[in-house]
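*Asks:* Hey, dropping input_0.pdb in here, PDB, C-alpha atoms:
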```pdb
ATOM      1  CA  MET A1116     -18.684  62.141 137.990
ATOM      2  CA  LYS A1117     -21.608  64.581 137.812
ATOM      3  CA  GLN A1118     -19.273  67.384 136.736
ATOM      4  CA  LEU A1119     -17.773  65.174 134.018
ATOM      5  CA  PHE A1120     -21.270  64.347 132.737
ATOM      6  CA  LEU A1121     -22.194  68.046 132.589
ATOM      7  CA  LEU A1122     -18.972  68.801 130.751
ATOM      8  CA  LEU A1123     -19.704  66.113 128.148
ATOM      9  CA  LEU A1124     -23.277  67.406 127.775
ATOM     10  CA  PHE A1125     -21.982  70.918 127.176
ATOM     11  CA  PHE A1126     -19.506  69.625 124.593
ATOM     12  CA  CYS A1127     -22.258  67.742 122.708
ATOM     13  CA  SER A1128     -24.508  70.796 122.703
ATOM     14  CA  CYS A1129     -21.718  72.788 121.062
ATOM     15  CA  PHE A1130     -20.940  70.090 118.475
ATOM     16  CA  VAL A1131     -21.315  71.422 114.940
ATOM     17  CA  TYR A1132     -23.315  69.221 112.567
ATOM     18  CA  GLY A1133     -22.479  69.371 108.854
ATOM     19  CA  GLN A1134     -24.846  70.658 106.171
ATOM     20  CA  ASP A1135     -25.300  68.861 102.852
ATOM     21  CA  LEU A1136     -25.402  70.569  99.454
ATOM     22  CA  ILE A1137     -27.617  70.016  96.401
ATOM     23  CA  VAL A1138     -26.823  71.873  93.164
ATOM     24  CA  THR A1139     -29.647  71.912  90.564
ATOM     25  CA  VAL A1140     -29.180  71.880  86.794
ATOM     26  CA  SER A1141     -30.325  75.512  86.731
ATOM     27  CA  GLY A1142     -27.470  76.505  89.088
ATOM     28  CA  ASP A1143     -29.356  76.858  92.396
ATOM     29  CA  SER A1144     -27.450  75.771  95.533
ATOM     30  CA  LEU A1145     -29.533  74.249  98.324
ATOM     31  CA  LYS A1146     -27.841  73.911 101.725
ATOM     32  CA  CYS A1147     -29.906  71.323 103.520
ATOM     33  CA  LYS A1148     -29.929  67.923 105.194
ATOM     34  CA  ILE A1149     -30.258  65.016 102.733
ATOM     35  CA  THR A1150     -32.455  62.271 104.220
ATOM     36  CA  GLU A1151     -32.663  59.778 101.351
ATOM     37  CA  VAL A1152     -31.226  59.240  97.857
ATOM     38  CA  ASN A1153     -32.630  56.773  95.331
ATOM     39  CA  SER A1154     -32.604  56.299  91.556
ATOM     40  CA  GLU A1155     -35.534  58.680  90.967
ATOM     41  CA  GLU A1156     -35.323  61.415  93.592
ATOM     42  CA  ILE A1157     -33.454  62.984  96.491
ATOM     43  CA  GLN A1158     -35.321  63.726  99.725
ATOM     44  CA  PHE A1159     -34.076  66.521 101.978
ATOM     45  CA  ARG A1160     -35.199  69.173 104.442
ATOM     46  CA  PHE A1161     -34.177  72.591 105.692
ATOM     47  CA  GLY A1162     -33.498  72.592 109.427
ATOM     48  CA  GLN A1163     -36.349  70.805 111.199
ATOM     49  CA  GLY A1164     -38.804  71.499 108.371
ATOM     50  CA  ARG A1165     -40.796  68.984 106.365
ATOM     51  CA  VAL A1166     -39.121  66.561 103.951
ATOM     52  CA  ILE A1167     -39.015  67.769 100.318
ATOM     53  CA  SER A1168     -38.362  65.695  97.171
ATOM     54  CA  ILE A1169     -36.501  66.750  94.036
ATOM     55  CA  ASN A1170     -36.192  64.624  90.885
ATOM     56  CA  ARG A1171     -32.694  63.309  90.121
ATOM     57  CA  SER A1172     -32.964  64.712  86.589
ATOM     58  CA  GLU A1173     -33.091  68.224  88.080
ATOM     59  CA  VAL A1174     -29.950  67.687  90.190
ATOM     60  CA  ALA A1175     -26.497  68.430  88.781
ATOM     61  CA  SER A1176     -24.636  67.204  91.905
ATOM     62  CA  PHE A1177     -24.982  66.669  95.639
ATOM     63  CA  GLN A1178     -22.516  66.437  98.502
ATOM     64  CA  TYR A1179     -22.771  65.292 102.093
ATOM     65  CA  ASN A1180     -21.256  67.394 104.926
ATOM     66  CA  PHE A1181     -20.543  70.303 102.625
ATOM     67  CA  GLU A1182     -20.078  72.793 105.460
ATOM     68  CA  PRO A1183     -20.745  73.064 109.207
ATOM     69  CA  VAL A1184     -23.658  74.907 110.752
ATOM     70  CA  SER A1185     -22.198  78.060 112.278
ATOM     71  CA  GLY A1186     -22.467  78.798 115.981
ATOM     72  CA  LYS A1187     -24.419  81.933 115.155
ATOM     73  CA  GLU A1188     -27.083  79.884 113.377
ATOM     74  CA  LYS A1189     -27.325  77.532 116.333
ATOM     75  CA  GLY A1190     -27.549  80.503 118.696
ATOM     76  CA  ASP A1191     -30.335  82.039 116.600
ATOM     77  CA  LYS A1192     -32.356  78.842 116.865
ATOM     78  CA  LYS A1193     -31.950  78.708 120.634
ATOM     79  CA  SER A1194     -32.552  82.388 121.377
ATOM     80  CA  GLY A1195     -35.289  82.851 118.816
ATOM     81  CA  THR A1196     -33.508  85.862 117.333
ATOM     82  CA  GLY A1197     -33.338  84.324 113.820
ATOM     83  CA  LYS A1198     -36.852  85.423 112.868
ATOM     84  CA  SER A1199     -35.957  85.833 109.226
ATOM     85  CA  LYS A1200     -35.116  82.118 108.905
ATOM     86  CA  PRO A1201     -38.661  80.852 108.104
ATOM     87  CA  SER A1202     -38.896  83.227 105.139
ATOM     88  CA  SER A1203     -35.567  81.984 103.792
ATOM     89  CA  VAL A1204     -36.612  78.383 104.253
ATOM     90  CA  ASN A1205     -39.918  78.933 102.468
ATOM     91  CA  ASN A1206     -38.126  80.528  99.503
ATOM     92  CA  ASN A1207     -35.761  77.578  99.271
ATOM     93  CA  GLN A1208     -38.656  75.155  99.445
ATOM     94  CA  LYS A1209     -40.339  76.900  96.515
ATOM     95  CA  GLN A1210     -37.109  76.754  94.486
ATOM     96  CA  ALA A1211     -36.774  73.049  95.253
ATOM     97  CA  ARG A1212     -40.232  72.036  94.018
ATOM     98  CA  SER A1213     -39.756  68.469  92.829
ATOM     99  CA  TYR A1214     -41.326  69.048  89.376
ATOM    100  CA  LEU A1215     -43.074  71.653  87.249
ATOM    101  CA  PRO A1216     -46.768  70.638  87.099
ATOM    102  CA  PHE A1217     -47.958  72.363  83.909
ATOM    103  CA  SER A1218     -46.838  71.951  80.307
ATOM    104  CA  VAL A1219     -47.818  73.667  77.047
ATOM    105  CA  GLY A1220     -46.427  72.668  73.663
ATOM    106  CA  VAL A1221     -46.806  73.747  70.037
ATOM    107  CA  SER A1222     -45.595  71.703  67.072
ATOM    108  CA  GLY A1223     -45.595  71.573  63.294
ATOM    109  CA  GLY A1224     -44.651  69.033  60.641
ATOM    110  CA  ILE A1225     -46.000  66.597  58.044
ATOM    111  CA  ARG A1226     -47.663  63.182  57.975
ATOM    112  CA  SER A1227     -48.926  60.660  55.469
ATOM    113  CA  PHE A1228     -52.399  61.219  54.069
ATOM    114  CA  GLY A1229     -54.040  57.911  54.898
ATOM    115  CA  SER A1230     -56.852  57.018  52.505
ATOM    116  CA  VAL A1231     -60.116  58.344  51.099
ATOM    117  CA  SER A1232     -62.821  56.592  49.021
ATOM    118  CA  THR A1233     -63.471  59.471  46.593
ATOM    119  CA  GLY A1234     -61.043  58.375  43.885
ATOM    120  CA  GLU A1235     -57.486  57.589  42.888
ATOM    121  CA  MET A1236     -54.992  60.106  44.289
ATOM    122  CA  LYS A1237     -51.920  61.407  42.489
ATOM    123  CA  SER A1238     -50.385  63.283  45.456
ATOM    124  CA  ALA A1239     -51.181  64.604  48.948
ATOM    125  CA  VAL A1240     -48.891  65.749  51.766
ATOM    126  CA  PRO A1241     -50.767  67.031  54.869
ATOM    127  CA  ILE A1242     -49.189  69.902  56.795
ATOM    128  CA  VAL A1243     -49.731  69.374  60.534
ATOM    129  CA  PHE A1244     -50.110  71.875  63.386
ATOM    130  CA  GLY A1245     -50.536  70.741  66.996
ATOM    131  CA  LEU A1246     -51.221  72.231  70.428
ATOM    132  CA  ASP A1247     -50.992  70.343  73.743
ATOM    133  CA  ALA A1248     -51.769  71.590  77.266
ATOM    134  CA  ALA A1249     -51.446  69.302  80.274
ATOM    135  CA  GLY A1250     -51.333  69.343  84.055
ATOM    136  CA  PHE A1251     -49.268  66.689  85.863
ATOM    137  CA  PHE A1252     -50.544  65.299  89.163
ATOM    138  CA  LYS A1253     -47.370  63.183  89.450
ATOM    139  CA  GLN A1254     -43.857  63.621  88.107
ATOM    140  CA  SER A1255     -44.536  61.384  85.096
ATOM    141  CA  ILE A1256     -48.329  61.225  84.693
ATOM    142  CA  GLY A1257     -50.813  63.950  83.780
ATOM    143  CA  ALA A1258     -53.987  64.805  81.895
ATOM    144  CA  GLY A1259     -54.763  67.513  79.376
ATOM    145  CA  ILE A1260     -56.200  68.403  75.988
ATOM    146  CA  LYS A1261     -54.883  67.965  72.445
ATOM    147  CA  LEU A1262     -55.668  69.936  69.291
ATOM    148  CA  ASN A1263     -54.300  68.789  65.941
ATOM    149  CA  ILE A1264     -55.020  70.053  62.430
ATOM    150  CA  ALA A1265     -53.789  68.511  59.156
ATOM    151  CA  ASN A1266     -54.353  70.433  55.907
ATOM    152  CA  SER A1267     -53.543  69.239  52.396
ATOM    153  CA  ILE A1268     -54.335  69.710  48.722
ATOM    154  CA  VAL A1269     -55.244  66.387  47.111
ATOM    155  CA  ASP A1270     -54.838  65.809  43.369
ATOM    156  CA  PHE A1271     -57.276  63.198  42.045
ATOM    157  CA  GLU A1272     -57.109  61.489  38.686
ATOM    158  CA  ASP A1273     -60.695  62.319  37.642
ATOM    159  CA  THR A1274     -61.977  65.183  39.829
ATOM    160  CA  GLY A1275     -59.036  67.598  39.959
ATOM    161  CA  SER A1276     -57.739  69.255  43.126
ATOM    162  CA  TRP A1277     -59.519  69.151  46.476
ATOM    163  CA  TYR A1278     -58.788  70.800  49.807
ATOM    164  CA  ASP A1279     -58.730  68.288  52.682
ATOM    165  CA  GLN A1280     -58.672  69.035  56.413
ATOM    166  CA  ILE A1281     -58.621  66.640  59.374
ATOM    167  CA  LEU A1282     -59.125  68.231  62.796
ATOM    168  CA  PHE A1283     -58.888  66.371  66.091
ATOM    169  CA  VAL A1284     -59.681  67.781  69.548
ATOM    170  CA  GLY A1285     -60.126  65.935  72.814
ATOM    171  CA  PRO A1286     -58.846  65.115  76.302
ATOM    172  CA  GLY A1287     -56.073  62.643  76.951
ATOM    173  CA  LEU A1288     -53.462  61.151  79.248
ATOM    174  CA  TYR A1289     -49.880  62.395  79.088
ATOM    175  CA  GLY A1290     -46.639  60.790  80.236
ATOM    176  CA  ARG A1291     -43.081  62.099  80.537
ATOM    177  CA  TRP A1292     -39.896  60.425  81.762
ATOM    178  CA  THR A1293     -36.776  62.543  82.215
ATOM    179  CA  LYS A1294     -33.186  61.299  82.069
ATOM    180  CA  SER A1295     -30.516  63.986  82.328
ATOM    181  CA  LYS A1296     -31.159  66.376  79.392
ATOM    182  CA  LEU A1297     -33.530  64.041  77.528
ATOM    183  CA  GLU A1298     -37.237  63.561  78.147
ATOM    184  CA  LEU A1299     -39.361  60.787  76.648
ATOM    185  CA  THR A1300     -43.018  61.696  76.107
ATOM    186  CA  ALA A1301     -46.209  59.874  75.167
ATOM    187  CA  SER A1302     -49.905  60.718  74.967
ATOM    188  CA  ALA A1303     -53.182  58.999  74.114
ATOM    189  CA  SER A1304     -56.321  61.058  73.441
ATOM    190  CA  VAL A1305     -59.939  60.420  72.487
ATOM    191  CA  GLY A1306     -62.374  62.965  71.126
ATOM    192  CA  ALA A1307     -63.931  64.466  68.003
ATOM    193  CA  LEU A1308     -62.450  63.685  64.584
ATOM    194  CA  MET A1309     -63.679  66.186  61.984
ATOM    195  CA  TRP A1310     -63.226  65.984  58.210
ATOM    196  CA  LYS A1311     -63.747  68.842  55.775
ATOM    197  CA  MET A1312     -63.399  68.421  52.015
ATOM    198  CA  ALA A1313     -63.741  71.242  49.472
ATOM    199  CA  ASP A1314     -63.720  71.223  45.662
ATOM    200  CA  ILE A1315     -61.344  74.013  44.638
ATOM    201  CA  ASN A1316     -61.830  75.924  41.420
ATOM    202  CA  LEU A1317     -58.653  77.962  41.093
ATOM    203  CA  GLU A1318     -59.942  80.043  38.166
ATOM    204  CA  LYS A1319     -63.160  81.309  39.784
ATOM    205  CA  VAL A1320     -61.840  81.153  43.364
ATOM    206  CA  THR A1321     -64.905  79.244  44.538
ATOM    207  CA  GLU A1322     -65.332  76.087  46.577
ATOM    208  CA  THR A1323     -68.015  73.569  47.360
ATOM    209  CA  SER A1324     -67.359  71.989  50.733
ATOM    210  CA  GLN A1325     -68.601  68.985  52.691
ATOM    211  CA  SER A1326     -67.904  68.111  56.312
ATOM    212  CA  ALA A1327     -68.508  65.290  58.776
ATOM    213  CA  THR A1328     -67.617  64.474  62.397
ATOM    214  CA  SER A1329     -66.971  61.163  64.086
ATOM    215  CA  PHE A1330     -65.426  59.694  67.232
ATOM    216  CA  GLY A1331     -61.689  59.131  67.016
ATOM    217  CA  GLY A1332     -58.373  59.078  68.817
ATOM    218  CA  TYR A1333     -54.819  60.330  68.642
ATOM    219  CA  LEU A1334     -51.554  58.648  69.648
ATOM    220  CA  SER A1335     -48.142  60.262  69.903
ATOM    221  CA  THR A1336     -44.681  59.625  71.302
ATOM    222  CA  GLY A1337     -41.454  61.569  71.137
ATOM    223  CA  VAL A1338     -38.260  62.786  72.734
ATOM    224  CA  ASN A1339     -37.429  66.291  73.994
ATOM    225  CA  TYR A1340     -34.068  67.947  74.645
ATOM    226  CA  LEU A1341     -34.141  70.153  77.750
ATOM    227  CA  LEU A1342     -32.664  73.584  77.064
ATOM    228  CA  SER A1343     -33.497  74.543  80.674
ATOM    229  CA  ASN A1344     -35.851  73.441  83.443
ATOM    230  CA  ASN A1345     -38.680  75.286  81.680
ATOM    231  CA  ILE A1346     -38.045  75.017  77.923
ATOM    232  CA  SER A1347     -37.379  72.069  75.628
ATOM    233  CA  ILE A1348     -37.437  71.282  71.917
ATOM    234  CA  GLY A1349     -38.476  67.908  70.613
ATOM    235  CA  LEU A1350     -39.201  65.440  67.841
ATOM    236  CA  ASN A1351     -42.612  63.789  67.911
ATOM    237  CA  PHE A1352     -44.183  60.832  66.052
ATOM    238  CA  GLN A1353     -47.973  60.667  65.822
ATOM    239  CA  THR A1354     -51.059  59.293  64.123
ATOM    240  CA  ALA A1355     -54.800  59.852  64.150
ATOM    241  CA  VAL A1356     -57.081  56.848  64.745
ATOM    242  CA  GLY A1357     -60.615  56.412  63.386
ATOM    243  CA  LYS A1358     -62.753  56.889  60.283
ATOM    244  CA  VAL A1359     -65.118  59.659  59.153
ATOM    245  CA  LYS A1360     -67.953  59.130  56.657
ATOM    246  CA  MET A1361     -69.826  61.760  54.632
ATOM    247  CA  GLU A1362     -73.590  61.520  54.011
ATOM    248  CA  ASP A1363     -72.865  60.479  50.413
ATOM    249  CA  SER A1364     -70.833  57.497  51.759
ATOM    250  CA  PHE A1365     -67.427  59.007  51.043
ATOM    251  CA  GLU A1366     -65.120  57.696  53.754
ATOM    252  CA  ARG A1367     -61.858  59.090  55.108
ATOM    253  CA  ASN A1368     -59.266  57.189  57.136
ATOM    254  CA  PRO A1369     -56.563  59.625  58.354
ATOM    255  CA  ALA A1370     -54.343  57.010  60.036
ATOM    256  CA  GLY A1371     -50.741  57.450  58.932
ATOM    257  CA  ALA A1372     -47.283  58.086  60.341
ATOM    258  CA  GLY A1373     -46.445  61.711  61.003
ATOM    259  CA  VAL A1374     -43.477  63.606  62.377
ATOM    260  CA  THR A1375     -43.409  67.076  63.956
ATOM    261  CA  ILE A1376     -40.894  69.387  65.641
ATOM    262  CA  GLY A1377     -42.125  71.312  68.679
ATOM    263  CA  VAL A1378     -41.347  73.642  71.552
ATOM    264  CA  ASN A1379     -42.546  72.832  75.071
ATOM    265  CA  ILE A1380     -42.799  75.138  78.081
ATOM    266  CA  LYS A1381     -43.132  73.938  81.692
ATOM    267  CA  PHE A1382     -44.264  76.138  84.563
TER     268      PHE A1382
END
```
Show me this structure written as structure tokens.
*Replies:*
Amino acid sequence: MKQLFLLLLFFCSCFVYGQDLIVTVSGDSLKCKITEVNSEEIQFRFGQGRVISINRSEVASFQYNFEPVSGKEKGDKKSGTGKSKPSSVNNNQKQARSYLPFSVGVSGGIRSFGSVSTGEMKSAVPIVFGLDAAGFFKQSIGAGIKLNIANSIVDFEDTGSWYDQILFVGPGLYGRWTKSKLELTASASVGALMWKMADINLEKVTETSQSATSFGGYLSTGVNYLLSNNISIGLNFQTAVGKVKMEDSFERNPAGAGVTIGVNIKF
């Protein structure tokens, strides 16, 4: 009976356990042991290492028991001759980082003018430029800073053409939710809302300008298409919130629907 028990123990020690496979959308193949799969992420580990998470949106496919662990690998673990294994594991862990924590985006487009109390307008179409930089402390939630500038030439009935600029800068909260190749985004910021207005004399190339600053906000939402794990292009809808008043009581309300096209980089 003792000999039979030893024989069974030897057989179990030689049993080959299967490895699982995760293939990322960028083409990386991760041979590992999958410990849990849910609607948002896959948890896995390399050998006896710590459990790592990867977002489902970054996974192209996964397969249980993809291939067996070779006898050589098992022998290396027992004899301690596989000294290069930790380095390989660490590299794989870096590749399998569950999400990219930093994001920078630039965008450009147009938006509606809003209103101003200086007179009756004939036409005004602000040209918008935006810059966003954020760090994500979770997959979907982060914080950062927003810069947005809207420039336009306003034609008034009585006072001719004026140059108008609305500049917003301030910190904010950022959100992103990824589904396959699409990513929904949203942000809400508070900060300084600055208004500059200049009377343009096209003949003499001179201008008389006024400026004022107030407290304001900025809201935006959009959708990005992921070209890769690091780069996406997107369509964004946005508006400024707040009012700015000059010393002579002229008041500017920049709230109005805007649309921009942008490029975003994650790293």
*Asks:* Got a sec to resolve the PyMOL selection byres ((chain A and resi 1258) around 9) on this structure and send the residues as a list in words?
*Replies:* Ala1248, Ala1249, Gly1250, Phe1251, Phe1252, Ile1256, Gly1257, Gly1259, Ile1260, Pro1286, Gly1287, Leu1288, Tyr1289 and Gly1290 of chain A
*Asks:* Take the residues just selected and output them with C-alpha atoms as a CSV table (one decimal), keeping the file's coordinate frame.
*Replies:*
```csv
chain,number,residue,atom,x,y,z
A,1248,ALA,CA,-51.8,71.6,77.3
A,1249,ALA,CA,-51.4,69.3,80.3
A,1250,GLY,CA,-51.3,69.3,84.1
A,1251,PHE,CA,-49.3,66.7,85.9
A,1252,PHE,CA,-50.5,65.3,89.2
A,1256,ILE,CA,-48.3,61.2,84.7
A,1257,GLY,CA,-50.8,64.0,83.8
A,1259,GLY,CA,-54.8,67.5,79.4
A,1260,ILE,CA,-56.2,68.4,76.0
A,1286,PRO,CA,-58.8,65.1,76.3
A,1287,GLY,CA,-56.1,62.6,77.0
A,1288,LEU,CA,-53.5,61.2,79.2
A,1289,TYR,CA,-49.9,62.4,79.1
A,1290,GLY,CA,-46.6,60.8,80.2
```
*Asks:* Rank A:Phe1330, A:Arg1226, A:Glu1173, A:Gln1325 by their smallest atom-to-atom distance to Glu1298 of chain A, using all atoms listed in the file, and report the top residue only.
*Replies:*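 The shortest atom-to-atom distance to Glu1298 of chain A comes from A:Glu1173.
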*Asks:* Need the shell around Ile1157 of chain A: protein/DNA/RNA residues with any atom at most 7 Å away, counting all atoms listed in the file. Skip same-chain ones fewer than 2 positions apart. Format as a PyMOL selection string?
*Replies:* chain A and resi 1151-1153+1159+1168-1171
*Asks:* Output as AutoDock Vina command-line options the centre and edge lengths (Å, one decimal) of the box along x, y and z of the file that holds every listed atom of segment 1252-1258 of chain A after adding 3 Å on each side.
*Replies:*
```
--center_x -48.9 --center_y 63.3 --center_z 85.7 --size_x 16.1 --size_y 10.1 --size_z 13.6
```
*Asks:* With all atoms listed in the file as the basis for distance, which of A:Thr1336, A:Ile1268, A:Leu1262, A:Ile1346 is at the shortest distance from Leu1308 of chain A?
*Replies:*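 Between A:Thr1336, A:Ile1268, A:Leu1262, A:Ile1346, the residue approaching Leu1308 of chain A most closely is A:Leu1262.
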*Asks:* So that I can see what lies close to Leu1299 of chain A, please list as a list of chain:residue names the residues with an atom at most 6 Å from it, counting only C-alpha atoms and leaving out residues fewer than 6 positions away in the same chain.
*Replies:*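 My list of contacting residues is A:Arg1291, A:Trp1292, A:Gly1337, A:Val1338.
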*Asks:* To one decimal place in Å, what is the distance between atom CA of Gly1377 of chain A and atom CA of Gln1254 of chain A?
*Replies:*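 About the pair atom CA of Gly1377 of chain A and atom CA of Gln1254 of chain A: they are 21.0 Å apart.
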*Asks:* Considering only C-alpha atoms, can you say which of A:Asp1279, A:Glu1156, A:Asp1247, A:Asp1143 comes closest to Pro1369 of chain A?
*Replies:*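 Using only C-alpha atoms, Pro1369 of chain A sits closest to A:Asp1279.
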*Asks:* Show me the residues close to (-61.9, 63.3, 46.5) - anything with an atom within 10 Å, counting all atoms listed in the file - and format the list as a PyMOL selection string.
*Replies:* chain A and resi 1231-1236+1269-1279+1312-1314+1365-1367
*Asks:* Evaluate the PyMOL selection byres ((chain A and resi 1358) around 12) here and jot the selected residues down as an NGL selection string.
*Replies:* :A and (1229-1232 or 1281 or 1283 or 1307-1310 or 1327-1332 or 1355-1357 or 1359-1361 or 1364-1370)
*Asks:* Give me the residues within 10 Å of Val1138 of chain A as a VMD selection string, counting all atoms listed in the file and dropping any in the same chain fewer than 6 places off.
*Replies:* chain A and resid 1144 to 1146 1173 to 1178
*Asks:* Which neighbours of Asn1344 of chain A fall inside 8 Å, counting only C-alpha atoms, when residues of the same chain fewer than 4 positions from it are skipped, and could you give them as a ChimeraX atom specification?
*Replies:* /A:1140-1141,1173,1381
*Asks:* Let me see the file: selected residues, C-alpha atoms, as a JSON list (two decimals), keeping the file's coordinate frame.
*Replies:*
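To be explicit, this is the file written out as result_13.json:
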```json
[["chain", "number", "residue", "atom", "x", "y", "z"],
["A", 1140, "VAL", "CA", -29.18, 71.88, 86.79],
["A", 1141, "SER", "CA", -30.32, 75.51, 86.73],
["A", 1173, "GLU", "CA", -33.09, 68.22, 88.08],
["A", 1381, "LYS", "CA", -43.13, 73.94, 81.69]]
```
*Asks:* In the coordinate frame of the file, compute which residues have an atom within 12 Å of (-45.6, 64.9, 64.1) when using only C-alpha atoms, and state them as a VMD selection string.
*Replies:* chain A and resid 1221 to 1227 1241 to 1246 1263 to 1265 1333 to 1338 1349 to 1355 1371 to 1377
*Asks:* List, as a VMD selection string, every residue that the PyMOL selection byres ((chain A and resi 1340) around 7) selects in the file provided.
*Replies:* chain A and resid 1296 to 1298 1338 to 1339 1341 to 1342 1347 to 1349
*Asks:* Can you tell me how far atom CA of Glu1182 of chain A sits from atom CA of Leu1136 of chain A, in Å to one decimal?
*Replies:*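 These two atoms are separated by 8.3 Å.
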*Asks:* Could you tell me how far atom CA of Ile1315 of chain A sits from atom CA of Asn1266 of chain A, in Å to one decimal place?
*Replies:*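 According to the coordinates, atom CA of Asn1266 of chain A and atom CA of Ile1315 of chain A are separated by 13.7 Å.
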